[in-house]
$ cat final06.txt   # compact mmCIF, C-alpha atoms and all ligand atoms
# COMPACT_ATOMS: atom_id res chain seq x y z
CA ARG A 168 0.00 0.00 0.00
CA LYS A 169 2.10 2.83 -1.25
CA VAL A 170 0.59 6.17 -1.85
CA SER A 171 2.73 8.88 -3.30
CA LYS A 172 2.11 12.48 -2.48
CA ALA A 173 1.50 13.18 -6.15
CA MET A 174 -1.18 10.55 -6.34
CA ARG A 175 -2.93 11.87 -3.29
CA GLU A 176 -3.03 15.35 -4.83
CA GLN A 177 -4.26 13.90 -8.08
CA LEU A 178 -7.09 12.10 -6.33
CA LEU A 179 -8.08 15.09 -4.25
CA ASP A 180 -8.22 17.12 -7.45
CA LYS A 181 -10.83 14.75 -8.81
CA ILE A 182 -13.14 15.09 -5.82
CA PRO A 183 -15.83 17.72 -6.30
CA LYS A 184 -15.71 20.66 -3.89
CA ASP A 185 -18.98 19.83 -2.11
CA LEU A 186 -17.77 16.29 -1.42
CA ILE A 187 -14.49 17.63 -0.02
CA ASP A 188 -16.50 19.86 2.32
CA LEU A 189 -18.52 16.90 3.42
CA LEU A 190 -15.40 14.82 4.00
CA LYS A 191 -13.98 17.64 6.12
CA ALA A 192 -17.11 17.52 8.28
CA ILE A 193 -16.70 13.75 8.61
CA GLU A 194 -13.06 14.21 9.49
CA LYS A 195 -13.96 16.70 12.21
CA ILE A 196 -16.21 14.17 13.89
CA ALA A 197 -13.64 11.41 13.50
CA LYS A 198 -11.14 13.58 15.27
CA LYS A 199 -13.55 14.46 18.05
CA ARG A 200 -14.60 10.85 18.53
CA LYS A 201 -11.06 9.54 18.12
CA GLU A 202 -12.16 7.04 15.54
CA LYS A 203 -10.80 6.18 12.14
CA VAL A 204 -13.08 6.61 9.20
CA TYR A 205 -12.83 5.83 5.51
CA MET A 206 -14.89 6.54 2.45
CA VAL A 207 -15.28 3.21 0.67
CA GLY A 208 -16.66 1.21 -2.23
CA GLY A 209 -18.24 2.40 -5.44
CA ILE A 210 -17.70 6.09 -4.89
CA VAL A 211 -13.93 5.69 -4.56
CA ARG A 212 -13.85 3.63 -7.75
CA ASP A 213 -15.88 6.30 -9.52
CA ILE A 214 -13.70 9.17 -8.28
CA ILE A 215 -10.70 7.44 -9.83
CA LEU A 216 -12.65 6.94 -13.04
CA GLY A 217 -13.83 10.54 -12.96
CA ILE A 218 -17.49 9.51 -12.94
CA PRO A 219 -20.04 11.28 -10.73
CA ASN A 220 -21.53 9.13 -7.97
CA LYS A 221 -23.84 10.33 -5.25
CA ASP A 222 -23.87 7.25 -3.03
CA ILE A 223 -21.57 8.04 -0.18
CA ASP A 224 -20.46 5.10 1.91
CA ILE A 225 -18.25 5.46 4.93
CA VAL A 226 -16.84 2.89 7.31
CA VAL A 227 -16.07 3.78 10.89
CA GLU A 228 -13.60 1.79 12.88
CA GLY A 229 -15.50 2.20 16.10
CA GLU A 230 -19.13 3.01 16.81
CA GLY A 231 -20.76 3.59 13.44
CA ILE A 232 -24.21 4.39 14.80
CA ALA A 233 -23.01 6.93 17.36
CA PHE A 234 -20.81 8.41 14.65
CA ALA A 235 -23.82 8.72 12.36
CA TRP A 236 -25.79 10.62 15.03
CA ASP A 237 -22.91 13.07 15.44
CA LEU A 238 -22.72 13.45 11.70
CA LYS A 239 -26.42 14.13 11.43
CA ASN A 240 -26.13 16.86 14.04
CA GLU A 241 -23.03 18.35 12.48
CA LEU A 242 -24.69 18.55 9.06
CA ASN A 243 -28.10 19.51 10.38
CA GLY A 244 -29.42 16.45 8.62
CA GLU A 245 -33.09 15.76 8.12
CA LYS A 246 -33.24 12.21 9.34
CA ILE A 247 -31.33 9.15 10.41
CA VAL A 248 -32.28 5.52 9.86
CA VAL A 249 -30.51 3.07 12.16
CA HIS A 250 -30.09 -0.68 11.74
CA GLU A 251 -28.90 -1.82 15.14
CA LYS A 252 -28.47 -5.40 14.03
CA PHE A 253 -25.96 -4.53 11.33
CA LYS A 254 -24.46 -1.59 13.20
CA THR A 255 -25.19 0.63 10.24
CA ALA A 256 -27.06 3.88 9.77
CA VAL A 257 -28.11 6.12 6.94
CA VAL A 258 -27.86 9.84 7.48
CA ILE A 259 -30.31 11.59 5.24
CA VAL A 260 -28.96 15.09 4.97
CA ASP A 261 -31.53 16.30 2.47
CA LYS A 262 -33.35 14.92 -0.53
CA ASP A 263 -30.18 14.89 -2.64
CA LEU A 264 -27.67 13.63 -0.13
CA LYS A 265 -27.54 10.54 2.00
CA ILE A 266 -24.59 8.96 3.69
CA ASP A 267 -24.36 5.29 4.54
CA VAL A 268 -22.37 4.70 7.69
CA ALA A 269 -21.10 1.21 8.51
CA THR A 270 -19.14 -0.08 11.45
CA SER A 271 -16.06 -2.17 11.20
CA ARG A 272 -14.67 -3.91 14.20
CA VAL A 273 -12.07 -2.00 16.17
CA GLU A 274 -8.87 -3.98 16.59
CA TYR A 275 -7.34 -2.68 19.78
CA TYR A 276 -6.23 0.57 21.26
CA GLU A 277 -2.74 1.05 22.52
CA TYR A 278 -3.84 3.88 24.74
CA PRO A 279 -7.48 4.21 25.60
CA THR A 280 -7.64 7.76 24.29
CA SER A 281 -5.59 7.49 21.15
CA LEU A 282 -6.42 6.37 17.66
CA PRO A 283 -6.09 2.63 17.09
CA SER A 284 -2.46 1.71 16.98
CA VAL A 285 -3.05 -0.88 14.32
CA ASP A 286 -3.12 1.32 11.31
CA TYR A 287 -5.24 -0.85 9.09
CA GLY A 288 -6.93 -3.26 11.37
CA SER A 289 -10.48 -4.00 10.57
CA ILE A 290 -10.72 -1.96 7.39
CA ARG A 291 -8.58 -4.56 5.65
CA GLU A 292 -10.98 -7.29 6.64
CA ASP A 293 -13.89 -5.14 5.58
CA MET A 294 -12.36 -4.61 2.16
CA TYR A 295 -11.48 -8.28 1.80
CA ARG A 296 -15.15 -9.21 2.13
CA ARG A 297 -16.04 -7.25 -0.98
CA ASP A 298 -16.84 -8.44 -4.45
CA PHE A 299 -14.12 -7.13 -6.74
CA THR A 300 -10.78 -5.43 -6.37
CA ILE A 301 -12.14 -2.31 -8.06
CA ASN A 302 -14.63 -2.02 -5.19
CA SER A 303 -12.12 -2.75 -2.44
CA LEU A 304 -10.59 0.70 -2.21
CA ALA A 305 -10.89 3.03 0.75
CA LEU A 306 -10.04 6.68 1.02
CA GLU A 307 -8.61 8.05 4.24
CA VAL A 308 -10.67 10.73 5.91
CA ASP A 309 -8.08 11.37 8.55
CA TYR A 310 -6.58 14.77 9.27
CA GLN A 311 -3.03 13.62 8.62
CA LYS A 312 -3.71 11.33 5.70
CA PHE A 313 -6.76 13.00 4.23
CA GLY A 314 -7.29 11.75 0.67
CA GLU A 315 -4.81 8.88 0.79
CA LEU A 316 -5.85 5.71 -0.94
CA VAL A 317 -5.97 2.50 1.06
CA ASP A 318 -5.50 -0.21 -1.51
CA PHE A 319 -4.72 -3.69 -0.20
CA PHE A 320 -5.70 -5.70 -3.23
CA ASN A 321 -4.43 -3.73 -6.21
CA GLY A 322 -7.77 -2.19 -6.95
CA TYR A 323 -6.15 0.93 -8.35
CA ARG A 324 -4.08 -1.11 -10.80
CA ASP A 325 -7.16 -3.03 -11.91
CA ILE A 326 -9.11 0.16 -12.49
CA GLN A 327 -6.24 1.46 -14.59
CA ASN A 328 -6.12 -1.83 -16.51
CA ARG A 329 -9.91 -1.88 -16.73
CA GLU A 330 -10.27 -5.33 -15.22
CA ILE A 331 -12.86 -6.97 -13.00
CA ARG A 332 -11.12 -9.34 -10.60
CA ILE A 333 -12.42 -11.21 -7.57
CA LEU A 334 -10.56 -11.07 -4.28
CA HIS A 335 -10.67 -14.78 -3.54
CA ASN A 336 -11.72 -17.99 -5.24
CA PHE A 337 -14.96 -18.45 -3.33
CA SER A 338 -16.31 -15.02 -4.11
CA PHE A 339 -19.04 -16.16 -6.54
CA VAL A 340 -19.91 -19.21 -4.47
CA GLU A 341 -20.29 -17.12 -1.33
CA ASP A 342 -22.50 -14.63 -3.08
CA PRO A 343 -23.78 -15.61 -6.55
CA THR A 344 -25.31 -12.14 -7.04
CA ARG A 345 -21.75 -11.16 -7.83
CA ILE A 346 -22.04 -13.07 -11.09
CA ILE A 347 -24.58 -10.50 -12.21
CA ARG A 348 -22.58 -7.66 -10.70
CA ALA A 349 -19.47 -8.67 -12.67
CA PHE A 350 -21.37 -8.17 -15.91
CA ARG A 351 -22.96 -5.02 -14.63
CA PHE A 352 -19.58 -3.39 -14.03
CA ALA A 353 -18.00 -4.89 -17.15
CA SER A 354 -20.65 -3.39 -19.35
CA ARG A 355 -21.10 -0.10 -17.54
CA TYR A 356 -17.41 0.74 -17.54
CA ASP A 357 -16.41 -1.25 -20.57
CA PHE A 358 -14.04 -3.34 -18.42
CA LYS A 359 -13.10 -6.91 -19.13
CA ILE A 360 -13.50 -9.78 -16.73
CA GLU A 361 -10.07 -11.03 -15.83
CA GLU A 362 -9.35 -14.57 -17.06
CA GLU A 363 -9.19 -16.44 -13.79
CA THR A 364 -12.20 -14.56 -12.48
CA GLU A 365 -14.10 -15.55 -15.61
CA ARG A 366 -13.21 -19.18 -15.00
CA PHE A 367 -14.53 -19.06 -11.43
CA LEU A 368 -17.63 -17.31 -12.66
CA LYS A 369 -18.32 -19.98 -15.27
CA ASP A 370 -17.70 -22.72 -12.70
CA ALA A 371 -20.19 -21.14 -10.32
CA VAL A 372 -22.84 -20.96 -13.05
CA GLU A 373 -22.15 -24.52 -14.23
CA ASN A 374 -22.36 -25.82 -10.69
CA GLY A 375 -25.81 -24.33 -10.25
CA PHE A 376 -24.98 -21.58 -7.78
CA LEU A 377 -27.41 -19.23 -9.50
CA LYS A 378 -30.16 -21.47 -8.17
CA LYS A 379 -29.18 -20.39 -4.68
CA ILE A 380 -29.40 -16.75 -5.49
CA SER A 381 -31.49 -14.43 -3.34
CA TRP A 382 -34.28 -13.00 -5.47
CA PRO A 383 -34.63 -9.64 -3.76
CA ARG A 384 -30.95 -9.05 -4.42
CA VAL A 385 -31.19 -10.19 -8.02
CA LYS A 386 -34.09 -7.83 -8.40
CA ASN A 387 -31.96 -5.01 -7.09
CA GLU A 388 -29.10 -5.80 -9.48
CA PHE A 389 -31.52 -6.08 -12.38
CA LYS A 390 -33.07 -2.74 -11.59
CA ILE A 391 -29.63 -1.14 -11.78
CA ILE A 392 -28.56 -2.99 -14.93
CA LEU A 393 -31.80 -2.28 -16.74
CA GLY A 394 -31.73 1.37 -15.75
CA ASP A 395 -28.14 1.85 -16.91
CA LYS A 396 -27.38 3.69 -20.10
CA ASN A 397 -26.86 0.62 -22.29
CA PRO A 398 -28.60 -2.34 -20.67
CA GLU A 399 -28.33 -4.43 -23.83
CA LYS A 400 -24.60 -4.82 -23.27
CA ALA A 401 -24.96 -6.38 -19.85
CA LEU A 402 -27.91 -8.45 -21.01
CA ASN A 403 -25.82 -9.87 -23.83
CA PHE A 404 -23.32 -11.02 -21.23
CA LEU A 405 -26.07 -12.42 -19.03
CA GLU A 406 -27.40 -14.41 -21.94
CA LYS A 407 -24.02 -15.61 -23.10
CA TYR A 408 -23.17 -16.91 -19.64
CA ASP A 409 -26.59 -18.53 -19.12
CA VAL A 410 -27.75 -16.20 -16.39
CA LEU A 411 -30.96 -15.16 -18.19
CA LYS A 412 -31.80 -18.81 -18.67
CA ASN A 413 -31.71 -19.17 -14.91
CA ILE A 414 -34.28 -16.42 -14.49
CA HIS A 415 -36.59 -18.18 -16.89
CA HIS A 416 -35.60 -20.85 -19.41
CA ASN A 417 -37.58 -19.11 -22.15
CA ILE A 418 -36.04 -15.66 -21.88
CA LYS A 419 -33.93 -15.27 -24.98
CA LEU A 420 -32.52 -12.01 -26.23
CA THR A 421 -33.81 -11.64 -29.74
CA GLU A 422 -32.67 -9.11 -32.31
CA LYS A 423 -36.01 -7.39 -31.93
CA MET A 424 -35.52 -7.05 -28.18
CA LYS A 425 -32.04 -5.64 -28.65
CA LYS A 426 -33.39 -3.09 -31.07
CA HIS A 427 -36.10 -2.11 -28.63
CA LEU A 428 -33.61 -1.81 -25.78
CA GLU A 429 -31.44 0.45 -27.91
CA GLU A 430 -34.42 2.67 -28.65
CA LEU A 431 -35.15 3.27 -24.97
CA ASN A 432 -32.81 6.21 -24.55
CA SER A 433 -34.33 8.13 -27.43
CA LEU A 434 -37.83 7.31 -26.16
CA GLY A 435 -36.81 8.65 -22.76
CA GLU A 436 -35.82 11.91 -24.43
CA MET A 437 -38.83 12.17 -26.71
CA PHE A 438 -41.21 11.57 -23.81
CA SER A 439 -39.12 13.16 -21.07
CA GLN A 440 -42.21 14.78 -19.53
CA LEU A 441 -43.53 11.33 -18.63
CA LYS A 442 -40.56 10.61 -16.35
CA LEU A 443 -40.48 7.05 -17.62
CA LYS A 444 -38.80 4.43 -15.49
CA LYS A 445 -36.25 2.97 -17.82
CA TRP A 446 -35.61 -0.21 -15.87
CA ILE A 447 -39.30 -1.09 -15.98
CA MET A 448 -39.46 -0.62 -19.74
CA ALA A 449 -36.35 -2.76 -20.21
CA PHE A 450 -37.78 -5.37 -17.86
CA LEU A 451 -40.98 -5.51 -19.89
CA ILE A 452 -39.02 -5.81 -23.12
CA LEU A 453 -37.32 -8.90 -21.68
CA MET A 454 -40.75 -10.47 -21.43
CA GLU A 455 -41.89 -9.46 -24.88
CA ASP A 456 -42.05 -12.96 -26.27
CA LEU A 457 -43.24 -14.81 -23.20
CA LYS A 458 -46.68 -16.27 -22.64
CA SER A 459 -49.02 -15.04 -19.92
CA ASP A 460 -48.24 -17.84 -17.47
CA GLU A 461 -44.51 -17.38 -17.97
CA ILE A 462 -44.79 -13.67 -17.31
CA GLU A 463 -46.77 -14.41 -14.18
CA LEU A 464 -44.09 -16.77 -12.95
CA ILE A 465 -41.39 -14.13 -13.33
CA PHE A 466 -43.44 -11.45 -11.58
CA ASN A 467 -43.97 -13.97 -8.80
CA LYS A 468 -40.29 -14.77 -8.48
CA PHE A 469 -39.41 -11.12 -8.13
CA SER A 470 -42.27 -10.61 -5.63
CA PHE A 471 -43.39 -7.27 -6.96
CA SER A 472 -46.12 -5.45 -5.05
CA GLN A 473 -49.77 -5.89 -6.03
CA ASP A 474 -49.83 -2.33 -7.19
CA PHE A 475 -46.84 -2.87 -9.46
CA ARG A 476 -48.33 -6.06 -10.84
CA LYS A 477 -51.62 -4.40 -11.59
CA LYS A 478 -49.90 -1.67 -13.52
CA TYR A 479 -47.35 -3.68 -15.42
CA GLU A 480 -48.10 -7.40 -15.43
CA PHE A 481 -51.68 -6.83 -16.44
CA GLY A 482 -50.61 -4.17 -18.93
CA ILE A 483 -48.02 -6.27 -20.68
CA LYS A 484 -50.38 -9.21 -20.98
CA LYS A 485 -53.08 -7.04 -22.53
CA ARG A 486 -50.88 -5.05 -24.84
CA SER A 487 -51.47 -6.91 -28.09
CA GLU A 488 -55.18 -6.48 -27.57
CA ALA A 489 -54.60 -2.76 -27.05
CA LEU A 490 -52.40 -2.53 -30.15
CA SER A 491 -54.99 -4.12 -32.42
CA LYS A 492 -57.68 -1.86 -30.97
CA LEU A 493 -55.41 1.11 -31.55
CA LYS A 494 -54.88 0.18 -35.20
CA LYS A 495 -58.64 0.40 -35.73
CA ALA A 496 -59.11 3.54 -33.67
CA ASP A 497 -59.88 6.55 -35.86
CA LYS A 498 -61.66 9.00 -33.66
CA ASN A 499 -59.82 10.81 -30.87
CA SER A 500 -62.20 9.32 -28.34
CA GLU A 501 -61.33 5.82 -29.53
CA ILE A 502 -57.62 6.48 -29.19
CA TYR A 503 -58.19 7.91 -25.74
CA ASP A 504 -60.39 5.03 -24.69
CA THR A 505 -57.80 2.49 -25.83
CA LEU A 506 -54.79 4.08 -24.15
CA ASN A 507 -56.07 5.95 -21.14
CA GLU A 508 -55.73 3.19 -18.58
CA ILE A 509 -52.39 1.85 -19.72
CA SER A 510 -49.33 2.81 -17.68
CA PHE A 511 -46.81 4.89 -19.59
CA GLU A 512 -44.08 2.24 -19.49
CA VAL A 513 -46.38 -0.33 -21.09
CA LEU A 514 -47.49 2.32 -23.56
CA MET A 515 -43.87 2.63 -24.64
CA LEU A 516 -43.72 -1.08 -25.31
CA ILE A 517 -46.78 -0.73 -27.52
CA TYR A 518 -45.07 2.24 -29.17
CA LEU A 519 -41.99 0.12 -29.91
CA GLU A 520 -44.08 -2.68 -31.31
CA GLY A 521 -46.38 -0.41 -33.27
CA LYS A 522 -46.01 0.80 -36.85
CA LYS A 523 -45.96 4.41 -37.94
CA SER A 524 -49.66 5.13 -37.67
CA SER A 525 -50.01 3.53 -34.21
CA ARG A 526 -46.97 5.46 -33.06
CA GLU A 527 -48.54 8.69 -34.27
CA LYS A 528 -51.71 7.91 -32.35
CA ILE A 529 -49.71 7.27 -29.18
CA ARG A 530 -47.88 10.56 -29.60
CA LYS A 531 -51.17 12.32 -30.16
CA PHE A 532 -52.55 10.75 -27.00
CA ILE A 533 -49.53 11.71 -24.89
CA PHE A 534 -48.92 15.21 -26.16
CA ASP A 535 -52.47 16.26 -26.80
CA LEU A 536 -55.47 14.13 -25.82
CA SER A 537 -54.29 13.13 -22.34
CA LYS A 538 -53.78 16.79 -21.47
CA ILE A 539 -57.18 18.06 -22.44
CA LYS A 540 -59.15 19.33 -19.45
CA PRO A 541 -62.77 18.17 -19.45
CA LEU A 542 -65.16 21.08 -20.01
CA VAL A 543 -67.87 19.32 -18.06
CA THR A 544 -67.05 18.35 -14.49
CA GLY A 545 -68.81 16.50 -11.70
CA ALA A 546 -69.75 19.83 -10.13
CA ASP A 547 -71.56 20.81 -13.35
CA LEU A 548 -73.62 17.63 -13.22
CA ILE A 549 -74.50 18.17 -9.59
CA SER A 550 -75.56 21.74 -10.37
CA VAL A 551 -78.15 20.44 -12.82
CA GLY A 552 -79.49 17.95 -10.33
CA TYR A 553 -77.54 14.74 -10.85
CA LYS A 554 -76.67 12.65 -7.84
CA PRO A 555 -73.35 10.78 -7.80
CA SER A 556 -74.01 7.29 -9.18
CA PRO A 557 -72.35 4.73 -11.48
CA GLU A 558 -74.11 6.50 -14.34
CA PHE A 559 -72.43 9.74 -13.34
CA ARG A 560 -69.03 8.56 -14.47
CA LYS A 561 -70.38 7.39 -17.77
CA ILE A 562 -72.01 10.76 -18.47
CA LEU A 563 -68.76 12.59 -17.74
CA GLU A 564 -66.87 10.19 -19.99
CA ASP A 565 -69.35 10.69 -22.81
CA ALA A 566 -69.04 14.46 -22.49
CA LEU A 567 -65.26 14.22 -22.60
CA TYR A 568 -65.31 11.91 -25.61
CA ARG A 569 -67.61 14.28 -27.44
CA GLN A 570 -65.29 17.13 -26.53
CA LEU A 571 -62.33 15.16 -27.95
CA ASP A 572 -64.13 14.36 -31.19
CA TYR A 573 -65.77 17.70 -31.95
CA LYS A 574 -63.20 20.41 -32.03
CA GLY A 575 -64.53 23.76 -30.86
CA ILE A 576 -67.53 22.32 -29.07
CA THR A 577 -68.54 24.51 -26.13
CA LYS A 578 -69.44 23.63 -22.60
CA GLU A 579 -72.98 24.88 -23.20
CA GLN A 580 -73.41 22.55 -26.15
CA LEU A 581 -72.12 19.64 -24.11
CA MET A 582 -74.39 20.49 -21.20
CA SER A 583 -77.47 20.81 -23.40
CA ASN A 584 -76.76 17.34 -24.65
CA ILE A 585 -76.52 16.06 -21.11
CA ASN A 586 -79.78 17.71 -20.11
CA LYS A 587 -81.50 15.86 -22.89
CA PHE A 588 -80.09 12.61 -21.53
N1 LIG B 1 -20.77 -5.56 -2.41
C1 LIG B 1 -20.24 -6.85 -2.45
N2 LIG B 1 -21.01 -7.89 -2.88
C2 LIG B 1 -22.28 -7.69 -3.26
C3 LIG B 1 -22.83 -6.40 -3.23
C4 LIG B 1 -22.03 -5.35 -2.79
O1 LIG B 1 -19.10 -7.03 -2.11
N3 LIG B 1 -23.02 -8.72 -3.68
C5 LIG B 1 -19.92 -4.43 -1.94
C6 LIG B 1 -19.06 -3.82 -3.02
O2 LIG B 1 -17.81 -3.58 -2.49
C7 LIG B 1 -19.73 -2.50 -3.34
C8 LIG B 1 -20.43 -2.14 -2.04
O3 LIG B 1 -20.72 -3.39 -1.41
O4 LIG B 1 -18.80 -1.52 -3.72
C9 LIG B 1 -21.68 -1.33 -2.24
O5 LIG B 1 -22.61 -2.03 -3.04
P1 LIG B 1 -23.48 -1.33 -4.15
O6 LIG B 1 -23.98 -0.05 -3.65
O7 LIG B 1 -24.42 -2.33 -4.69
O8 LIG B 1 -22.40 -1.13 -5.31
P2 LIG B 1 -21.57 0.08 -5.81
O9 LIG B 1 -20.21 -0.43 -6.03
O10 LIG B 1 -21.73 1.26 -4.94
O11 LIG B 1 -22.21 0.27 -7.23
P3 LIG B 1 -23.15 1.41 -7.77
O12 LIG B 1 -22.23 2.51 -8.09
O13 LIG B 1 -23.78 0.83 -8.98
O14 LIG B 1 -24.13 1.70 -6.69

$ encode --input "final06.txt" --output "structure tokens"
Amino acid sequence: RKVSKAMREQLLDKIPKDLIDLLKAIEKIAKKRKEKVYMVGGIVRDIILGIPNKDIDIVVEGEGIAFAWDLKNELNGEKIVVHEKFKTAVVIVDKDLKIDVATSRVEYYEYPTSLPSVDYGSIREDMYRRDFTINSLALEVDYQKFGELVDFFNGYRDIQNREIRILHNFSFVEDPTRIIRAFRFASRYDFKIEEETERFLKDAVENGFLKKISWPRVKNEFKIILGDKNPEKALNFLEKYDVLKNIHHNIKLTEKMKKHLEELNSLGEMFSQLKLKKWIMAFLILMEDLKSDEIELIFNKFSFSQDFRKKYEFGIKKRSEALSKLKKADKNSEIYDTLNEISFEVLMLIYLEGKKSSREKIRKFIFDLSKIKPLVTGADLISVGYKPSPEFRKILEDALYRQLDYKGITKEQLMSNINKF
């Protein structure tokens, strides 16, 4: 672990000013509490790569939870969430900044009031438990060594060489989610998986370790992969190494799916006002060619909430019906009626599958029809003597549909129609 002065300066130069300020606040508390603290994991990797990352993880050699309370007070944070069992806490400073604080075991103190005499006691162990060398780096947040890199396993070298390497041979066996993570990092950063690591990865897949995977964690990794800029890259890897097959034996990446995945970024831009969730769209694309019962099985495995299932599982199963209805829809009200209850992410899947005229109708619905304010409201109906009833909704819908179909129609005209009703 050699850190030259030049390298320390170089690293500090890459850290944005607001993060430096934050680290100084952390350092102040470390000094007061006489504890050692490090910034660790993904953010250190991303600083070296010059990539912005807002997930701040720190490890305290000492009392992480008490440290987190002090940090919250120092930063005037909004909230703190404590997990006693894991000795971790999250300090939520504001809506844009949260800091994960973990505890690593303190080795021993030479003098009760001094810093630990073992320079790198438990932090080494903490780093050794991690997935890849590129994620095993720590940054000193200590007043004397502020900004020094703690690199036990050549993580810095591997980042420079753009290689994903495990720390020990049992890494994938211990935690098979790492198989997915390896591809996630390889594709996101355009890194290669180091040869021996690849061999261990293949062995773990061949020996069925993916069967032991924890689904909530896979779900989490999938959400990140599918939300990344180019999910098709990681998915190609996942297919090539038989990971997709383990999710469901019928999921196969077709050329059509790849094309759809590639189109997601431009869809996100075109429909930016919809604030589309990219990972959900990509997830639905993966299920494009599956049958209803297969889709159901996958939604079950991932244990999505009822609400989520109602929006997306139901939507994706019904989408071909919606598309054929859309093809026949001529009037505005028919387009509206076909698309109104479909969630936007499913609507995008229909958009991808649709031809030019269906696409135009979807655009018309999103940019125009869905924004039209009904001229006739419930209050108007009540004012002419209607009582709320199931019929009520129907009358309002009819009025809206007429409004959509007859440009320039006035509220009075619509109301006179209703009165006749
Ligand atoms: N980690 C691990 N094994 C896992 C998951 C996580 O060793 N199965 C470790 C890694 O060292 C990682 C850290 O926990 O750096 C934090 O995990 P996570 O937030 O998932 O990863 P990041 O590296 O921060 O990646 P990202 O930038 O995508 O959040």

$ residues_near_ligand --input "final06.txt" --ligand "ligand LIG 1 (chain B)" --cutoff "7 Å" --atoms "all atoms listed in the file" --output "list in words"
Gly208, Gly209, Ile210, Asn220, Asp222, Arg296, Arg297, Asp298, Phe299, Asn302, Ser303, Asp342, Thr344, Arg345 and Ile391 of chain A

$ atom_distance --input "final06.txt" --atom1 "CA of Asp409 (chain A)" --atom2 "CA of Asn328 (chain A)"
26.5 Å

$ residues_near_point --input "final06.txt" --point "(-50.3, 0.3, -15.3)" --cutoff "7 Å" --atoms "only C-alpha atoms" --output "VMD selection string"
chain A and resid 477 to 479 482 508 to 510

$ atom_distance --input "final06.txt" --atom1 "CA of Ile196 (chain A)" --atom2 "CA of Glu230 (chain A)"
11.9 Å

$ closest_residue --input "final06.txt" --among "A:Ser491, A:Thr300, A:Asn432, A:Asn336" --to "Gly394 (chain A)" --atoms "only C-alpha atoms"
A:Asn432

$ closest_residue --input "final06.txt" --among "A:Leu334, A:Leu457, A:Leu563, A:Leu441" --to "Ala546 (chain A)" --atoms "all atoms listed in the file"
A:Leu563

$ residues_around --input "final06.txt" --residues "region 370-373 of chain A" --least-positions-apart "5" --cutoff "12 Å" --atoms "all atoms listed in the file" --output "ChimeraX atom specification"
/A:336-347,363-365,378-380,405-413

$ residues_near_point --input "final06.txt" --point "(-10.0, 9.8, -11.2)" --cutoff "7 Å" --atoms "all atoms listed in the file" --output "PyMOL selection string"
chain A and resi 178+181+214-217

$ atom_distance --input "final06.txt" --atom1 "CA of Asp395 (chain A)" --atom2 "CA of Trp446 (chain A)"
7.8 Å

$ residues_around --input "final06.txt" --residues "region 493-503 of chain A" --least-positions-apart "4" --cutoff "8 Å" --atoms "all atoms listed in the file" --output "ChimeraX atom specification"
/A:489,507,524-525,528-529,532,536-537,568-569,571-572

$ closest_residue --input "final06.txt" --among "A:Ser171, A:His416, A:Met294, A:Val308" --to "Leu190 (chain A)" --atoms "all atoms listed in the file"
A:Val308

$ closest_residue --input "final06.txt" --among "A:Lys578, A:Lys201, A:Arg291, A:Lys426" --to "Pro541 (chain A)" --atoms "all atoms listed in the file"
A:Lys578

$ residues_around --input "final06.txt" --residues "Ser487 (chain A)" --least-positions-apart "5" --cutoff "12 Å" --atoms "all atoms listed in the file" --output "PyMOL selection string"
chain A and resi 455-456+458-459+481-482+492-494+505+513-514+516-521

$ write_last_selection --input "final06.txt" --atoms "C-alpha atoms" --output "compact mmCIF listing (two decimals), in the frame of the given file"
# COMPACT_ATOMS: atom_id res chain seq x y z
CA GLU A 455 -41.89 -9.46 -24.88
CA ASP A 456 -42.05 -12.96 -26.27
CA LYS A 458 -46.68 -16.27 -22.64
CA SER A 459 -49.02 -15.04 -19.92
CA PHE A 481 -51.68 -6.83 -16.44
CA GLY A 482 -50.61 -4.17 -18.93
CA LYS A 492 -57.68 -1.86 -30.97
CA LEU A 493 -55.41 1.11 -31.55
CA LYS A 494 -54.88 0.18 -35.20
CA THR A 505 -57.80 2.49 -25.83
CA VAL A 513 -46.38 -0.33 -21.09
CA LEU A 514 -47.49 2.32 -23.56
CA LEU A 516 -43.72 -1.08 -25.31
CA ILE A 517 -46.78 -0.73 -27.52
CA TYR A 518 -45.07 2.24 -29.17
CA LEU A 519 -41.99 0.12 -29.91
CA GLU A 520 -44.08 -2.68 -31.31
CA GLY A 521 -46.38 -0.41 -33.27

$ decode --input "final06.txt" --residues "region 510-521 of chain A" --atoms "C-alpha atoms" --output "mmCIF file, in the first residue's frame"
data_model
loop_
_atom_site.group_PDB
_atom_site.id
_atom_site.type_symbol
_atom_site.label_atom_id
_atom_site.label_comp_id
_atom_site.auth_asym_id
_atom_site.auth_seq_id
_atom_site.Cartn_x
_atom_site.Cartn_y
_atom_site.Cartn_z
ATOM 1 C CA SER A 510 -49.330 2.806 -17.677
ATOM 2 C CA PHE A 511 -46.808 4.887 -19.590
ATOM 3 C CA GLU A 512 -44.075 2.237 -19.492
ATOM 4 C CA VAL A 513 -46.381 -0.327 -21.091
ATOM 5 C CA LEU A 514 -47.489 2.324 -23.555
ATOM 6 C CA MET A 515 -43.868 2.629 -24.639
ATOM 7 C CA LEU A 516 -43.720 -1.080 -25.313
ATOM 8 C CA ILE A 517 -46.776 -0.725 -27.521
ATOM 9 C CA TYR A 518 -45.073 2.240 -29.173
ATOM 10 C CA LEU A 519 -41.991 0.121 -29.910
ATOM 11 C CA GLU A 520 -44.076 -2.684 -31.311
ATOM 12 C CA GLY A 521 -46.379 -0.411 -33.266
#
